[in-house]
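Asker: File name run-v7.tsv; file contents TSV, C-alpha atoms; full text below.
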chain	number	residue	atom	x	y	z
A	1	MET	CA	5.85	-97.74	6.24
A	2	ASP	CA	5.55	-101.38	7.19
A	3	LYS	CA	6.65	-102.76	10.55
A	4	ASP	CA	9.64	-104.63	9.14
A	5	LYS	CA	11.10	-101.51	7.55
A	6	ALA	CA	10.45	-99.53	10.72
A	7	ARG	CA	12.38	-102.17	12.71
A	8	VAL	CA	15.30	-102.02	10.29
A	9	ILE	CA	15.38	-98.22	10.51
A	10	ALA	CA	15.32	-98.37	14.31
A	11	LYS	CA	18.16	-100.92	14.43
A	12	VAL	CA	20.29	-98.91	12.00
A	13	GLN	CA	19.67	-95.76	14.03
A	14	VAL	CA	20.87	-97.54	17.20
A	15	VAL	CA	24.17	-98.44	15.50
A	16	ILE	CA	24.60	-94.93	14.12
A	17	ASP	CA	23.82	-93.41	17.50
A	18	ARG	CA	26.49	-95.62	19.06
A	19	MET	CA	29.08	-94.36	16.53
A	20	ARG	CA	28.01	-90.70	16.70
A	21	PRO	CA	30.08	-89.70	19.79
A	22	TYR	CA	33.30	-90.69	18.01
A	23	LEU	CA	32.44	-88.48	15.06
A	24	GLN	CA	31.32	-85.63	17.31
A	25	ALA	CA	34.60	-85.82	19.24
A	26	ASP	CA	36.31	-84.74	16.01
A	27	GLY	CA	33.75	-82.03	15.20
A	28	GLY	CA	31.60	-84.08	12.84
A	29	ASP	CA	28.35	-85.99	12.84
A	30	ILE	CA	26.28	-88.44	10.82
A	31	LYS	CA	22.60	-88.39	9.89
A	32	LEU	CA	20.50	-91.28	8.60
A	33	ILE	CA	18.74	-90.09	5.44
A	34	GLU	CA	16.98	-93.21	4.18
A	35	ILE	CA	17.08	-96.96	3.74
A	36	THR	CA	16.13	-98.16	0.30
A	37	ASP	CA	14.03	-101.24	-0.35
A	38	GLY	CA	17.23	-102.86	-1.62
A	39	GLY	CA	18.89	-102.54	1.78
A	40	ILE	CA	21.11	-99.54	1.05
A	41	VAL	CA	21.53	-97.15	3.96
A	42	LYS	CA	22.04	-93.54	2.86
A	43	VAL	CA	23.68	-91.19	5.31
A	44	ARG	CA	24.97	-87.64	5.35
A	45	LEU	CA	28.21	-86.69	7.06
A	46	THR	CA	28.31	-83.19	8.54
A	47	GLY	CA	30.81	-80.90	10.20
A	48	THR	CA	34.45	-81.83	9.85
A	49	CYS	CA	33.49	-85.33	8.64
A	50	LYS	CA	31.89	-83.92	5.49
A	51	ASN	CA	35.21	-83.22	3.75
A	52	CYS	CA	37.62	-85.23	5.90
A	53	PRO	CA	40.28	-87.09	3.92
A	54	TYR	CA	39.50	-90.18	6.05
A	55	ARG	CA	35.75	-90.17	5.47
A	56	GLN	CA	35.85	-93.34	3.34
A	57	GLN	CA	37.52	-95.20	6.21
A	58	THR	CA	34.96	-93.77	8.62
A	59	LEU	CA	32.11	-94.89	6.37
A	60	ALA	CA	33.66	-98.33	5.95
A	61	GLY	CA	33.80	-98.77	9.73
A	62	ILE	CA	30.21	-97.65	10.18
A	63	GLU	CA	29.08	-99.83	7.29
A	64	GLN	CA	30.80	-102.86	8.81
A	65	ALA	CA	29.01	-102.31	12.13
A	66	VAL	CA	25.61	-101.73	10.52
A	67	VAL	CA	25.82	-104.73	8.16
A	68	LYS	CA	26.96	-106.99	11.01
A	69	GLU	CA	24.12	-105.98	13.32
A	70	VAL	CA	21.33	-105.47	10.77
A	71	PRO	CA	21.33	-108.33	8.23
A	72	ALA	CA	18.73	-106.58	6.04
A	73	VAL	CA	21.33	-103.93	5.21
A	74	LYS	CA	23.58	-104.63	2.24
A	75	LYS	CA	25.55	-101.39	1.92
A	76	LEU	CA	26.05	-97.89	3.31
A	77	GLU	CA	26.64	-94.87	1.11
A	78	ILE	CA	26.60	-91.07	1.17
A	79	ALA	CA	23.26	-89.54	0.22
A	80	LYS	CA	23.28	-87.19	-2.77
Render the structure in this file as structure tokens.

Answerer:
Amino acid sequence: MDKDKARVIAKVQVVIDRMRPYLQADGGDIKLIEITDGGIVKVRLTGTCKNCPYRQQTLAGIEQAVVKEVPAVKKLEIAK
């Protein structure tokens, strides 16, 4: 892994870690799975967040924060 990608991963993880307590307060969590070369962040929601009817809104909020703070990121999506 090159240094630039490692920096992007670290920055994304900081944003996710900042959001994590809000998810955990509702019995859920989020895990960073990968960041593609195209700037797509893939995450996995766990706990109550996994099947929550508001998960798309949750992801949109996290995506907005990540894209704002990490310009190399273009999009956030659920990992398969």

Asker: Please indicate the distance in Å from atom CA of Glu63 of chain A to atom CA of Val15 of chain A, rounded to one decimal place.

Answerer: 9.7 Å

Asker: When you count all atoms listed in the file, which of these residues is closest to Ile30 of chain A: A:Ile78, A:Ala60, A:Ala72, A:Val67?

Answerer: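 Of A:Ile78, A:Ala60, A:Ala72, A:Val67, the one nearest Ile30 of chain A is A:Ile78, counting all atoms listed in the file.
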
Asker: Suppose you want the space between atom CA of Leu45 of chain A and atom CA of Gln64 of chain A; what is it in Å?

Answerer: 16.5 Å

Asker: Env of segment 7-9 of chain A: 9 Å cut, atoms = only C-alpha atoms, seq-sep filter 2 positions within chain, self excluded. Answer as a PyMOL selection string.

Answerer: chain A and resi 2-5+11-14+32+34-35+70-73

Asker: Residues within 9 Å of Gly47 of chain A, please, as an MDAnalysis selection string. Count only C-alpha atoms; anything in the same chain fewer than 4 positions from it doesn't count.

Answerer: chainID A and resid 24 26:30 51

Asker: Compare A:Gln56, A:Lys80, A:Lys74, A:Ala6 by their minimum atom-to-atom distance to Ile40 of chain A, counting all atoms listed in the file, and give me the closest one.

Answerer: A:Lys74

Asker: Restricting the calculation to all atoms listed in the file, which member of A:Thr58, A:Leu76, A:Tyr22, A:Ala65 is positioned closest to Val43 of chain A?

Answerer: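 For Val43 of chain A, the nearest of the given residues is A:Leu76.
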
Asker: With distances taken over all atoms listed in the file, which residue among A:Glu69, A:Lys75, A:Thr48, A:Pro53 lies nearest Ala25 of chain A?

Answerer: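 So, comparing all the options, the nearest one is A:Thr48.
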
Asker: Just to confirm, what's the straight-line distance from atom CA of Asp37 of chain A to atom CA of Asp17 of chain A in Å (one decimal)?

Answerer: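 One can read the atom CA of Asp37 of chain A to atom CA of Asp17 of chain A distance as 21.8 Å.
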
Asker: Please, what is the axis-aligned box for every listed atom of segment 49-58 of chain A with 8 Å on each side, as centre and edge lengths in Å to one decimal, as lines of an AutoDock Vina configuration file?

Answerer:
center_x = 36.1
center_y = -89.2
center_z = 6.0
size_x = 24.4
size_y = 28.0
size_z = 21.3
